[in-house]
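Novice: Sharing entry_4.cif below, mmCIF, C-alpha atoms and all ligand atoms:
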data_coords
#
loop_
_atom_site.label_atom_id
_atom_site.label_comp_id
_atom_site.auth_asym_id
_atom_site.auth_seq_id
_atom_site.Cartn_x
_atom_site.Cartn_y
_atom_site.Cartn_z
CA MET A 462 126.70 108.07 125.06
CA MET A 463 125.20 105.11 126.93
CA GLN A 464 125.93 101.63 125.58
CA SER A 465 123.35 98.89 125.42
CA GLU A 466 124.20 95.45 126.79
CA LYS A 467 126.03 93.15 124.40
CA ARG A 468 123.79 90.83 122.49
CA LEU A 469 123.91 88.29 119.68
CA TRP A 470 121.22 87.08 117.27
CA GLY A 471 122.10 83.43 116.83
CA GLU A 472 125.84 83.71 116.27
CA LYS A 473 125.70 87.10 114.62
CA PRO A 474 126.18 90.52 116.24
CA PHE A 475 123.26 91.92 114.25
CA HIS A 476 119.59 91.08 113.79
CA SER A 477 119.87 89.28 110.46
CA LEU A 478 117.04 88.20 108.19
CA ASP A 479 118.19 84.61 108.61
CA TYR A 480 117.67 84.98 112.34
CA GLN A 481 114.20 86.50 111.87
CA TRP A 482 113.15 83.69 109.55
CA LYS A 483 114.42 80.98 111.89
CA GLU A 484 112.42 82.55 114.72
CA GLN A 485 109.36 83.01 112.49
CA TYR A 486 109.35 79.74 110.55
CA GLY A 487 111.52 77.42 112.65
CA GLY A 488 114.09 76.64 109.94
CA LYS A 489 116.09 77.79 106.97
CA VAL A 490 114.22 79.86 104.38
CA TYR A 491 115.30 80.67 100.82
CA ARG A 492 114.22 83.49 98.59
CA LEU A 493 113.08 82.73 95.06
CA SER A 494 113.44 85.59 92.57
CA LEU A 495 110.18 86.07 90.63
CA GLN A 496 108.83 88.71 88.27
CA THR A 497 105.46 90.38 87.77
CA GLY A 498 106.37 91.87 84.38
CA CYS A 499 105.67 95.40 85.65
CA THR A 500 107.89 98.17 84.37
CA CYS A 501 108.69 101.35 86.29
CA PRO A 502 107.37 104.94 86.00
CA ASN A 503 110.96 106.08 86.05
CA ARG A 504 111.60 104.13 82.85
CA ASP A 505 108.37 104.11 80.85
CA GLY A 506 108.31 107.89 80.37
CA THR A 507 105.78 108.71 83.13
CA LEU A 508 108.48 110.20 85.35
CA GLY A 509 111.52 109.57 83.19
CA GLU A 510 112.97 107.25 80.58
CA ARG A 511 116.46 106.55 81.85
CA GLY A 512 115.57 105.20 85.27
CA CYS A 513 117.44 105.88 88.49
CA ILE A 514 121.03 106.76 87.67
CA PHE A 515 122.39 103.46 89.06
CA CYS A 516 119.67 101.13 87.74
CA SER A 517 120.58 98.49 85.16
CA ALA A 518 118.31 97.30 82.35
CA GLY A 519 117.23 94.46 84.67
CA GLY A 520 115.59 97.02 86.97
CA SER A 521 117.75 96.33 90.05
CA GLY A 522 117.05 92.61 89.89
CA ASP A 523 119.07 90.71 87.33
CA PHE A 524 118.64 87.17 88.62
CA ALA A 525 115.03 86.11 87.98
CA ALA A 526 113.50 83.87 85.25
CA PRO A 527 111.73 85.71 82.39
CA ALA A 528 108.56 87.54 83.41
CA ARG A 529 106.55 86.09 80.50
CA LEU A 530 106.58 82.65 82.21
CA PRO A 531 103.66 81.70 84.47
CA VAL A 532 104.47 82.14 88.16
CA GLN A 533 104.50 78.37 88.84
CA GLU A 534 107.13 77.90 86.13
CA GLN A 535 109.19 80.80 87.50
CA ILE A 536 109.01 79.16 90.92
CA ARG A 537 110.09 75.79 89.51
CA ARG A 538 113.11 77.37 87.76
CA ALA A 539 114.05 79.49 90.78
CA LYS A 540 113.96 76.38 93.00
CA ALA A 541 116.25 74.57 90.55
CA LEU A 542 118.73 77.46 90.85
CA VAL A 543 118.99 77.22 94.65
CA GLU A 544 118.77 73.42 94.82
CA GLY A 545 122.50 72.89 95.34
CA LYS A 546 122.54 75.32 98.29
CA LEU A 547 119.66 73.79 100.24
CA PRO A 548 120.36 72.17 103.60
CA LYS A 549 119.74 68.39 103.83
CA GLN A 550 117.35 69.03 106.66
CA GLY A 551 115.80 72.00 108.39
CA LEU A 552 114.41 73.69 105.27
CA ALA A 553 111.25 75.52 106.34
CA GLY A 554 110.28 76.79 102.86
CA TYR A 555 110.61 79.72 100.49
CA ILE A 556 109.72 83.38 100.14
CA GLY A 557 108.60 84.49 96.68
CA TYR A 558 110.61 87.62 96.00
CA PHE A 559 109.33 90.06 93.37
CA GLN A 560 112.41 92.22 93.19
CA SER A 561 112.98 93.80 89.80
CA PHE A 562 111.30 96.98 88.61
CA THR A 563 108.18 98.33 90.37
CA ASN A 564 105.95 95.41 91.28
CA THR A 565 102.85 97.40 92.17
CA TYR A 566 102.93 99.42 88.95
CA GLY A 567 100.08 97.64 87.18
CA PRO A 568 96.38 96.80 87.42
CA VAL A 569 95.31 95.56 90.86
CA PRO A 570 93.35 92.49 89.56
CA ARG A 571 96.30 91.23 87.48
CA LEU A 572 98.76 91.68 90.33
CA ARG A 573 96.35 90.06 92.80
CA GLU A 574 96.30 87.02 90.53
CA ILE A 575 100.09 86.81 90.22
CA PHE A 576 100.72 87.24 93.95
CA SER A 577 97.92 84.81 94.85
CA GLU A 578 99.32 82.18 92.48
CA ALA A 579 102.72 82.46 94.11
CA MET A 580 101.21 82.17 97.60
CA ALA A 581 99.10 79.18 96.64
CA GLU A 582 102.16 76.91 96.55
CA GLU A 583 102.36 75.10 99.84
CA ASP A 584 106.07 75.63 100.48
CA ILE A 585 105.89 79.36 99.68
CA LEU A 586 105.71 80.80 103.19
CA GLY A 587 105.09 84.38 102.11
CA ILE A 588 105.97 86.94 99.48
CA SER A 589 108.12 90.01 99.37
CA ILE A 590 107.35 92.81 96.91
CA GLY A 591 109.82 95.47 95.80
CA THR A 592 108.24 98.75 94.73
CA ARG A 593 108.21 102.55 94.90
CA PRO A 594 106.18 104.49 97.49
CA ASP A 595 104.54 106.57 94.73
CA CYS A 596 103.06 103.40 93.17
CA LEU A 597 100.88 102.36 96.09
CA PRO A 598 97.32 103.63 95.53
CA GLU A 599 94.78 102.85 98.21
CA GLU A 600 93.22 99.85 96.39
CA MET A 601 96.70 98.31 95.95
CA VAL A 602 97.46 98.63 99.66
CA GLU A 603 94.05 97.14 100.45
CA MET A 604 94.72 94.17 98.16
CA LEU A 605 98.13 93.57 99.74
CA GLY A 606 96.59 93.82 103.21
CA GLU A 607 94.02 91.21 102.21
CA LEU A 608 96.73 88.81 100.90
CA ASN A 609 98.67 89.40 104.09
CA ARG A 610 95.84 87.78 106.03
CA ARG A 611 96.56 84.56 104.08
CA LYS A 612 100.35 84.54 104.28
CA PRO A 613 102.88 87.21 105.30
CA VAL A 614 103.45 89.97 102.74
CA THR A 615 106.46 92.26 102.98
CA VAL A 616 106.74 95.47 100.98
CA GLU A 617 110.24 96.72 100.17
CA LEU A 618 110.67 100.40 99.33
CA GLY A 619 113.76 101.84 97.66
CA LEU A 620 114.29 105.05 99.60
CA GLN A 621 118.11 105.02 99.25
CA THR A 622 118.61 108.32 101.11
CA ILE A 623 116.66 110.96 103.03
CA HIS A 624 118.70 113.76 101.46
CA GLU A 625 116.81 115.53 98.70
CA LYS A 626 119.98 116.66 96.90
CA SER A 627 121.17 113.05 96.58
CA ALA A 628 117.64 111.94 95.62
CA GLU A 629 117.74 114.47 92.78
CA PHE A 630 121.17 113.30 91.66
CA ILE A 631 120.01 109.67 91.47
CA ARG A 632 116.71 110.76 89.80
CA ARG A 633 114.58 108.95 92.39
CA GLY A 634 111.52 110.92 91.34
CA TYR A 635 109.62 111.32 94.62
CA GLY A 636 110.08 113.28 97.81
CA LEU A 637 110.38 112.14 101.41
CA PRO A 638 106.74 113.00 102.34
CA VAL A 639 105.56 110.47 99.70
CA PHE A 640 107.63 107.79 101.41
CA GLU A 641 106.34 108.75 104.88
CA ASP A 642 102.74 108.56 103.69
CA ALA A 643 103.24 105.16 102.01
CA VAL A 644 104.86 103.65 105.12
CA LYS A 645 102.00 104.87 107.33
CA ARG A 646 99.38 103.35 105.01
CA LEU A 647 101.26 100.05 104.61
CA LYS A 648 101.69 99.70 108.37
CA GLN A 649 98.04 100.60 108.87
CA ALA A 650 97.15 97.69 106.54
CA GLY A 651 99.26 95.36 108.73
CA LEU A 652 102.10 94.87 106.24
CA GLU A 653 105.76 94.43 107.05
CA VAL A 654 107.84 97.29 105.61
CA VAL A 655 111.48 97.10 104.61
CA VAL A 656 113.51 100.06 103.40
CA HIS A 657 116.47 100.00 101.01
CA VAL A 658 119.36 102.39 101.61
CA ILE A 659 122.31 102.80 99.26
CA LEU A 660 125.65 103.49 100.91
CA GLY A 661 128.29 105.50 99.10
CA LEU A 662 126.11 107.64 96.84
CA PRO A 663 128.29 110.32 95.22
CA GLY A 664 128.38 113.45 97.33
CA GLU A 665 127.17 111.79 100.52
CA THR A 666 129.34 111.96 103.61
CA GLU A 667 129.30 109.37 106.39
CA GLU A 668 127.40 111.86 108.51
CA MET A 669 124.68 112.05 105.86
CA MET A 670 124.38 108.25 105.73
CA LYS A 671 124.14 108.19 109.53
CA GLU A 672 121.34 110.73 109.31
CA THR A 673 119.45 108.53 106.85
CA VAL A 674 119.81 105.39 108.94
CA SER A 675 119.05 107.20 112.16
CA TRP A 676 115.91 108.76 110.68
CA ILE A 677 114.71 105.33 109.49
CA GLY A 678 115.34 103.84 112.93
CA ASP A 679 113.28 106.57 114.55
CA PHE A 680 110.40 106.69 112.08
CA ARG A 681 107.16 105.78 113.83
CA THR A 682 103.55 105.29 112.75
CA PRO A 683 100.58 104.51 115.03
CA LYS A 684 101.18 100.86 114.02
CA GLY A 685 104.88 100.83 114.82
CA GLY A 686 108.14 101.59 113.09
CA ILE A 687 109.84 100.33 109.95
CA ASP A 688 110.46 96.60 110.31
CA GLY A 689 113.60 96.05 108.28
CA ILE A 690 116.45 97.73 106.45
CA LYS A 691 118.57 96.70 103.52
CA LEU A 692 122.00 98.32 103.47
CA GLN A 693 123.21 98.13 99.94
CA LEU A 694 126.68 99.08 98.78
CA LEU A 695 126.51 101.30 95.69
CA HIS A 696 127.44 99.07 92.79
CA ILE A 697 128.58 100.88 89.68
CA LEU A 698 127.25 98.87 86.76
CA ARG A 699 127.91 98.84 83.05
CA GLY A 700 125.01 100.10 80.95
CA THR A 701 123.89 102.65 83.55
CA ASP A 702 124.30 106.43 83.44
CA LEU A 703 126.22 106.26 86.69
CA GLY A 704 128.54 103.66 85.15
CA ASP A 705 129.22 105.95 82.18
CA LEU A 706 130.00 108.92 84.45
CA TYR A 707 132.25 106.77 86.60
CA LEU A 708 134.22 105.42 83.65
CA GLU A 709 134.67 108.90 82.22
CA ASP A 710 136.01 110.11 85.56
CA HIS A 711 138.14 107.14 86.55
CA GLY A 712 139.51 105.83 83.24
CA GLU A 713 141.91 102.96 83.79
CA ASN A 714 141.62 103.22 87.59
CA ALA A 715 137.98 102.12 87.49
CA GLY A 716 137.15 99.63 90.21
CA LYS A 717 140.61 99.62 91.80
CA ASP A 718 140.70 99.24 95.55
CA ARG A 719 142.37 102.60 96.12
CA GLY A 720 140.47 104.05 99.03
CA ARG A 721 138.39 107.19 99.02
CA SER A 722 138.75 109.28 95.92
CA GLY A 723 138.36 112.97 95.51
CA ILE A 724 136.18 115.26 93.53
CA SER A 725 136.16 115.01 89.79
CA ARG A 726 134.01 117.15 87.48
CA GLY A 727 132.06 118.23 90.53
CA ILE A 728 131.15 114.65 91.50
CA CYS A 729 132.51 113.51 94.84
CA TRP A 730 132.85 109.74 94.49
CA ASN A 731 132.98 107.42 97.48
CA ASP A 732 135.41 104.77 96.31
CA TYR A 733 135.50 102.80 99.53
CA SER A 734 138.08 100.14 100.18
CA LEU A 735 136.64 96.96 101.69
CA GLU A 736 137.85 97.88 105.18
CA GLU A 737 136.36 101.37 104.98
CA TYR A 738 133.02 100.03 103.82
CA VAL A 739 132.85 97.38 106.55
CA ASP A 740 133.61 99.96 109.25
CA LEU A 741 130.97 102.29 107.85
CA VAL A 742 128.31 99.56 107.94
CA ILE A 743 129.24 98.62 111.49
CA ASP A 744 128.98 102.30 112.52
CA LEU A 745 125.47 102.36 111.05
CA LEU A 746 124.40 99.09 112.69
CA GLU A 747 125.47 100.47 116.05
CA ILE A 748 122.89 103.26 115.82
CA LEU A 749 120.00 101.11 114.57
CA PRO A 750 117.32 99.82 116.94
CA PRO A 751 118.12 96.23 117.94
CA GLU A 752 114.67 95.01 116.92
CA MET A 753 115.02 96.17 113.31
CA THR A 754 115.82 93.28 110.97
CA VAL A 755 118.86 93.81 108.77
CA HIS A 756 118.08 92.22 105.43
CA ARG A 757 121.41 92.92 103.82
CA ILE A 758 124.78 94.45 104.59
CA THR A 759 126.34 94.41 101.12
CA GLY A 760 124.37 93.15 98.13
CA ASP A 761 125.06 91.16 94.98
CA ALA A 762 125.79 92.64 91.60
CA PRO A 763 125.85 90.68 88.36
CA ARG A 764 129.56 90.04 87.78
CA LYS A 765 129.46 90.78 84.08
CA LEU A 766 128.05 94.25 84.76
CA LEU A 767 130.11 95.24 87.79
CA ILE A 768 132.58 98.09 87.23
CA ALA A 769 133.23 98.98 90.85
CA PRO A 770 133.99 98.19 93.56
CA LEU A 771 135.54 94.97 92.32
CA TRP A 772 136.25 93.68 95.84
CA SER A 773 132.49 93.33 96.33
CA GLY A 774 132.52 90.30 94.01
CA ASP A 775 134.54 88.31 96.60
CA LYS A 776 131.70 87.58 98.99
CA LYS A 777 133.72 85.30 101.24
CA ARG A 778 136.38 87.96 101.82
CA VAL A 779 133.70 90.56 102.50
CA LEU A 780 131.93 88.36 105.08
CA ASN A 781 135.22 87.39 106.75
CA THR A 782 136.15 91.07 107.05
CA PHE A 783 132.79 91.77 108.73
CA THR A 784 133.34 88.94 111.22
CA ARG A 785 136.87 90.12 112.03
CA ARG A 786 135.95 93.80 112.42
CA PHE A 787 132.89 93.06 114.59
CA SER A 788 135.12 91.04 116.87
CA GLU A 789 138.01 93.58 116.92
CA ARG A 790 135.59 96.39 117.70
CA ASP A 791 133.63 94.26 120.18
CA THR A 792 130.38 95.74 118.98
CA TRP A 793 126.82 94.84 117.93
CA GLN A 794 123.64 96.26 116.41
CA GLY A 795 122.07 98.86 118.65
CA LYS A 796 125.14 99.31 120.85
CA LEU A 797 124.80 103.09 120.58
CA TYR A 798 121.07 103.18 120.00
CA HIS A 799 118.91 105.12 122.33
CA SER A 800 115.47 106.11 121.28
CA SER A 801 115.04 109.82 120.81
CA ILE A 802 111.30 109.55 121.37
CA ILE A 803 110.41 111.67 124.33
CA GLY A 804 106.88 112.13 125.57
CA GLY A 805 105.36 110.72 122.40
CA LYS A 806 107.30 113.01 120.06
CA VAL A 807 110.52 112.48 118.14
CA TYR A 808 112.72 115.50 118.79
CA GLU A 809 116.02 114.76 117.15
CA ASN A 810 117.98 111.89 115.74
CA ARG A 811 121.01 110.27 117.27
CA THR A 812 123.49 112.29 115.24
CA GLY A 813 122.36 115.18 117.39
CA LYS A 814 120.93 117.04 114.38
CA MET A 815 117.38 117.42 113.30
CA GLY A 816 116.39 115.11 110.44
CA PRO A 817 115.27 116.76 107.19
CA GLY A 818 111.63 116.02 107.97
CA ALA A 819 112.00 117.77 111.30
CA GLN A 820 112.42 121.40 110.27
CA GLY A 821 113.09 122.54 113.78
CA ARG A 822 110.10 120.89 115.38
CA ALA A 823 109.02 117.45 116.50
CA LEU A 824 109.18 114.99 113.60
CA GLN A 825 105.79 113.44 114.19
CA ASN A 826 103.42 112.31 116.85
CA VAL A 827 103.84 108.67 117.74
S1 LIG B 1 112.64 102.82 90.77
FE1 LIG B 1 113.72 100.85 90.79
S2 LIG B 1 113.31 99.87 88.83
FE2 LIG B 1 112.71 102.04 88.66
S3 LIG B 1 114.50 103.02 87.74
FE3 LIG B 1 114.67 103.24 89.96
S4 LIG B 1 115.87 101.45 90.69
FE4 LIG B 1 115.19 101.05 88.58
#
Write out the structure in this file as structure tokens.
Specialist:
Amino acid sequence: MMQSEKRLWGEKPFHSLDYQWKEQYGGKVYRLSLQTGCTCPNRDGTLGERGCIFCSAGGSGDFAAPARLPVQEQIRRAKALVEGKLPKQGLAGYIGYFQSFTNTYGPVPRLREIFSEAMAEEDILGISIGTRPDCLPEEMVEMLGELNRRKPVTVELGLQTIHEKSAEFIRRGYGLPVFEDAVKRLKQAGLEVVVHVILGLPGETEEMMKETVSWIGDFRTPKGGIDGIKLQLLHILRGTDLGDLYLEDHGENAGKDRGRSGISRGICWNDYSLEEYVDLVIDLLEILPPEMTVHRITGDAPRKLLIAPLWSGDKKRVLNTFTRRFSERDTWQGKLYHSSIIGGKVYENRTGKMGPGAQGRALQNV
């Protein structure tokens, strides 16, 4: 396989969000966690009541101020939380981040008001909205496209995996074609699209994760590809169905850094050690397009809820291990990337196998 030429983004061997923001806004940018108060169709009984198998009661966002507060007050409180971390100079501003639950699962006029209020603050540079692809009706996409003409709007979609068997296990509640359609419409409306992928889902092999990442890297619409990716380590949390299954299976070994575990009760757990996880992420970054922004390579879990892996709570150790392994492997994002788009059609992904959307033919016209 051909290697691309070595490159760095700032000091990092991958195209980080920090780097993108510095290029885009000329300084350091912080994210403020905000809430719309929307629930989720996977929790309110429309699709299900227990949510995705890994999702905590906070709806995959346990850090924001209460949703009942007006947006300005949420912003004030969120700023107070990051105050100690801010640089003395070089702060460009903030991104309002609506992370928890499904932030387009509500009436368009009410959501327009909430998002507009957040954007009205001068130092809010743009907003980022976490949602599901099956909660993006046409009028919602239109509204977001309209706001995007005022300040940048990013839409983050929790795909997690392209493999339908895993999607069923985690109770995601929508199929891959729904995701493809949503991305096309969001891109058509001029919005930036970021995709979340969970690494280490039970039953997934490294090859399967490579297929997911490779498929995302190759996905094209007439308005371009997916802009960013969030690689999120699977956190096993207390109070989730996945947490209960894990505790039943692991007993007193729960969370121990003991390397890959085997199959128990038919569930094949991926209990990565820190080193294994870091090498997996680096393998995935190598096959991503260099222009795709990497929003995250691990993820934060609320300490009081975290069952496993416990090493993920030591952020400094995790980041140091990334730095060391990147340097030992002398590698970078996109090192092994080569586009598989030939003559306007995507024929196969970089794992050499057809992606699940391919079904033995070209994936899509580009
Ligand atoms: S779609 Fe998001 S908020 Fe809803 S249950 Fe799944 S992870 Fe939780």
Novice: As a quick test: using all atoms listed in the file, which residues lie no more than 8 Å away from ligand LIG 1 (chain B)? Give them as a PDB file with C-alpha atoms, in the coordinates of the input.
Specialist:
ATOM      1  CA  THR A 500     107.890  98.170  84.370  1.00  0.00           C
ATOM      2  CA  CYS A 501     108.690 101.350  86.290  1.00  0.00           C
ATOM      3  CA  PRO A 502     107.370 104.940  86.000  1.00  0.00           C
ATOM      4  CA  ASN A 503     110.960 106.080  86.050  1.00  0.00           C
ATOM      5  CA  ARG A 504     111.600 104.130  82.850  1.00  0.00           C
ATOM      6  CA  ARG A 511     116.460 106.550  81.850  1.00  0.00           C
ATOM      7  CA  GLY A 512     115.570 105.200  85.270  1.00  0.00           C
ATOM      8  CA  CYS A 513     117.440 105.880  88.490  1.00  0.00           C
ATOM      9  CA  ILE A 514     121.030 106.760  87.670  1.00  0.00           C
ATOM     10  CA  PHE A 515     122.390 103.460  89.060  1.00  0.00           C
ATOM     11  CA  CYS A 516     119.670 101.130  87.740  1.00  0.00           C
ATOM     12  CA  SER A 517     120.580  98.490  85.160  1.00  0.00           C
ATOM     13  CA  ALA A 518     118.310  97.300  82.350  1.00  0.00           C
ATOM     14  CA  GLY A 519     117.230  94.460  84.670  1.00  0.00           C
ATOM     15  CA  GLY A 520     115.590  97.020  86.970  1.00  0.00           C
ATOM     16  CA  SER A 521     117.750  96.330  90.050  1.00  0.00           C
ATOM     17  CA  SER A 561     112.980  93.800  89.800  1.00  0.00           C
ATOM     18  CA  PHE A 562     111.300  96.980  88.610  1.00  0.00           C
ATOM     19  CA  THR A 563     108.180  98.330  90.370  1.00  0.00           C
ATOM     20  CA  THR A 592     108.240  98.750  94.730  1.00  0.00           C
ATOM     21  CA  ARG A 593     108.210 102.550  94.900  1.00  0.00           C
ATOM     22  CA  GLY A 619     113.760 101.840  97.660  1.00  0.00           C
ATOM     23  CA  ARG A 632     116.710 110.760  89.800  1.00  0.00           C
ATOM     24  CA  ARG A 633     114.580 108.950  92.390  1.00  0.00           C
TER      25      ARG A 633
END
Novice: If we count all atoms listed in the file, what is near range 635-644 of chain A at a cut-off of 10 Å, once residues fewer than 6 positions away on the same chain are taken out, given as a PyMOL selection string?
Specialist: chain A and resi 508+593-599+602+616+618-620+622-625+628-629+650+652-656+680-682+686-687+817-818
Novice: When you count all atoms listed in the file, which of these residues is closest to Ser589 in chain A: A:Leu552, A:Lys648, A:Arg764, A:Arg492?
Specialist: A:Arg492
Novice: Between A:Leu660, A:Val755, A:Ile677, A:Met670, single out the one closest to Lys691 in chain A, counting all atoms listed in the file.
Specialist: A:Val755
Novice: Using all atoms listed in the file, which of the listed residues (A:Gln560, A:Arg699, A:Ile758, A:Tyr491) sits closest to Gly545 in chain A?
Specialist: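 Smallest distance to Gly545 in chain A is found for A:Tyr491.
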Novice: Identify, on the basis of all atoms listed in the file, every residue whose closest approach to range 788-794 of chain A does not exceed 6 Å; exclude the query and any residue fewer than 3 positions from it along the same chain; express the result as a ChimeraX atom specification.
Specialist: /A:474-475,746-747,751,785
Novice: Using all atoms listed in the file, collect all residues at a distance of at most 6 Å from (129.0, 103.5, 98.7) as written in the file, then present them as a list of chain:residue names.
Specialist: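 Here is the list of nearby residues: A:Leu660, A:Gly661, A:Leu662, A:Leu694, A:Leu695, A:Asn731.
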Novice: Okay, now the selection with C-alpha atoms, as a CSV table (one decimal), in the frame of the given file?
Specialist:
chain,number,residue,atom,x,y,z
A,660,LEU,CA,125.6,103.5,100.9
A,661,GLY,CA,128.3,105.5,99.1
A,662,LEU,CA,126.1,107.6,96.8
A,694,LEU,CA,126.7,99.1,98.8
A,695,LEU,CA,126.5,101.3,95.7
A,731,ASN,CA,133.0,107.4,97.5
Novice: Please measure the separation of CA of Tyr738 in chain A and CA of Ile659 in chain A, giving the value in Å to one decimal.
Specialist: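 If I compute the distance from CA of Tyr738 in chain A to CA of Ile659 in chain A, I get 12.0 Å.
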Novice: List the spatial neighbours of Thr759 in chain A as a list in words - criterion: any atom at most 7 Å away, only C-alpha atoms, same-chain residues fewer than 2 positions off excluded.
Specialist: Leu692, Gln693, Leu694 and Arg757 of chain A
Novice: Work out how far apart CA of Asn609 in chain A and CA of Gly651 in chain A are and give it in Å to one decimal.
Specialist: 7.6 Å
Novice: Would you mind telling me which residue in A:Gly689, A:Gly727, A:Gly704, A:Gly634 lies nearest to Ala769 in chain A when using only C-alpha atoms?
Specialist: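 Of all the options, A:Gly704 lies closest to Ala769 in chain A.
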Novice: When you look at Tyr707 in chain A with a cut-off of 10 Å (counting only C-alpha atoms), what residues show up, excluding the ones that are within fewer than 2 positions of it in the same chain? I need them as a list in words.
Specialist: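 Near neighbours after the sequence-gap exclusion: Ile697, Leu698, Arg699, Thr701, Asp702, Leu703, Gly704, Asp705, Glu709, Asp710, His711, Gly712, Ala715, Gly716, Ser725, Ile728, Trp730, Ile768 and Ala769 of chain A.
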Novice: Taking 6 positions as the minimum chain separation for residues in the same chain, which residues sit within 9 Å of Ile585 in chain A when counting only C-alpha atoms? Answer as a list in words.
Specialist: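 Contacts, in chain order: Gly554, Tyr555, Ile556, Gly557, Ala579 and Lys612 of chain A.
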Novice: Keeping C-alpha atoms for every residue in the selection just given, could you write it to a file as a short mmCIF file (atom, residue, chain, number, x, y, z; two decimals), in the coordinates of the input?
Specialist:
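The new file result.cif reads:
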data_model
loop_
_atom_site.label_atom_id
_atom_site.label_comp_id
_atom_site.auth_asym_id
_atom_site.auth_seq_id
_atom_site.Cartn_x
_atom_site.Cartn_y
_atom_site.Cartn_z
CA GLY A 554 110.28 76.79 102.86
CA TYR A 555 110.61 79.72 100.49
CA ILE A 556 109.72 83.38 100.14
CA GLY A 557 108.60 84.49 96.68
CA ALA A 579 102.72 82.46 94.11
CA LYS A 612 100.35 84.54 104.28
#
Novice: Could you tell me how far CA of Leu493 in chain A lies from CA of Gly471 in chain A, in Å and to one decimal?
Specialist: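 Going from CA of Leu493 in chain A over to CA of Gly471 in chain A, I get 23.6 Å.
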Novice: Kindly list the centre and edge lengths in Å, rounded to one decimal, for the axis-aligned box that covers all listed atoms of range 627-633 of chain A plus 5 Å on each of its six sides, as AutoDock Vina command-line options.
Specialist:
--center_x 117.9 --center_y 111.7 --center_z 93.2 --size_x 16.6 --size_y 15.5 --size_z 16.8
Novice: Would you mind telling me which residue in A:Ala553, A:Phe576, A:Asp679, A:Leu706 lies nearest to Asp479 in chain A when using all atoms listed in the file?
Specialist: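 Nearest candidate to Asp479 in chain A out of A:Ala553, A:Phe576, A:Asp679, A:Leu706: A:Ala553.
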Novice: Could you check the closest approach to Leu797 in chain A for each of A:Ala539, A:Leu767, A:Ile588, A:Leu749 and tell me which residue wins, using only C-alpha atoms?
Specialist: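 So, comparing all the options, the nearest one is A:Leu749.
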Novice: Would you mind completing range 746-758 of chain A to N, CA and C atoms and writing the output as a PDB file, keeping the file's coordinate frame?
Specialist:
ATOM      1  N   LEU A 746     125.132 100.108 111.916  1.00  0.00           N
ATOM      2  CA  LEU A 746     124.400  99.090 112.690  1.00  0.00           C
ATOM      3  C   LEU A 746     124.359  99.468 114.172  1.00  0.00           C
ATOM      4  N   GLU A 747     125.422 100.088 114.625  1.00  0.00           N
ATOM      5  CA  GLU A 747     125.470 100.470 116.050  1.00  0.00           C
ATOM      6  C   GLU A 747     124.355 101.438 116.433  1.00  0.00           C
ATOM      7  N   ILE A 748     123.909 102.255 115.464  1.00  0.00           N
ATOM      8  CA  ILE A 748     122.890 103.260 115.820  1.00  0.00           C
ATOM      9  C   ILE A 748     121.480 102.834 115.425  1.00  0.00           C
ATOM     10  N   LEU A 749     121.340 101.607 114.922  1.00  0.00           N
ATOM     11  CA  LEU A 749     120.000 101.110 114.570  1.00  0.00           C
ATOM     12  C   LEU A 749     119.327 100.479 115.784  1.00  0.00           C
ATOM     13  N   PRO A 750     117.987 100.522 115.841  1.00  0.00           N
ATOM     14  CA  PRO A 750     117.320  99.820 116.940  1.00  0.00           C
ATOM     15  C   PRO A 750     117.588  98.316 116.846  1.00  0.00           C
ATOM     16  N   PRO A 751     117.801  97.656 117.972  1.00  0.00           N
ATOM     17  CA  PRO A 751     118.120  96.230 117.940  1.00  0.00           C
ATOM     18  C   PRO A 751     117.009  95.374 117.349  1.00  0.00           C
ATOM     19  N   GLU A 752     115.775  95.841 117.428  1.00  0.00           N
ATOM     20  CA  GLU A 752     114.670  95.010 116.920  1.00  0.00           C
ATOM     21  C   GLU A 752     114.491  95.113 115.411  1.00  0.00           C
ATOM     22  N   MET A 753     115.186  96.024 114.764  1.00  0.00           N
ATOM     23  CA  MET A 753     115.020  96.170 113.310  1.00  0.00           C
ATOM     24  C   MET A 753     115.819  95.085 112.575  1.00  0.00           C
ATOM     25  N   THR A 754     115.130  94.354 111.686  1.00  0.00           N
ATOM     26  CA  THR A 754     115.820  93.280 110.970  1.00  0.00           C
ATOM     27  C   THR A 754     116.697  93.859 109.861  1.00  0.00           C
ATOM     28  N   VAL A 755     117.924  93.353 109.795  1.00  0.00           N
ATOM     29  CA  VAL A 755     118.860  93.810 108.770  1.00  0.00           C
ATOM     30  C   VAL A 755     118.853  92.779 107.641  1.00  0.00           C
ATOM     31  N   HIS A 756     118.258  93.160 106.534  1.00  0.00           N
ATOM     32  CA  HIS A 756     118.080  92.220 105.430  1.00  0.00           C
ATOM     33  C   HIS A 756     119.342  92.036 104.608  1.00  0.00           C
ATOM     34  N   ARG A 757     120.221  93.014 104.666  1.00  0.00           N
ATOM     35  CA  ARG A 757     121.410  92.920 103.820  1.00  0.00           C
ATOM     36  C   ARG A 757     122.449  93.906 104.335  1.00  0.00           C
ATOM     37  N   ILE A 758     123.728  93.498 104.221  1.00  0.00           N
ATOM     38  CA  ILE A 758     124.780  94.450 104.590  1.00  0.00           C
ATOM     39  C   ILE A 758     125.716  94.755 103.425  1.00  0.00           C
TER      40      ILE A 758
END
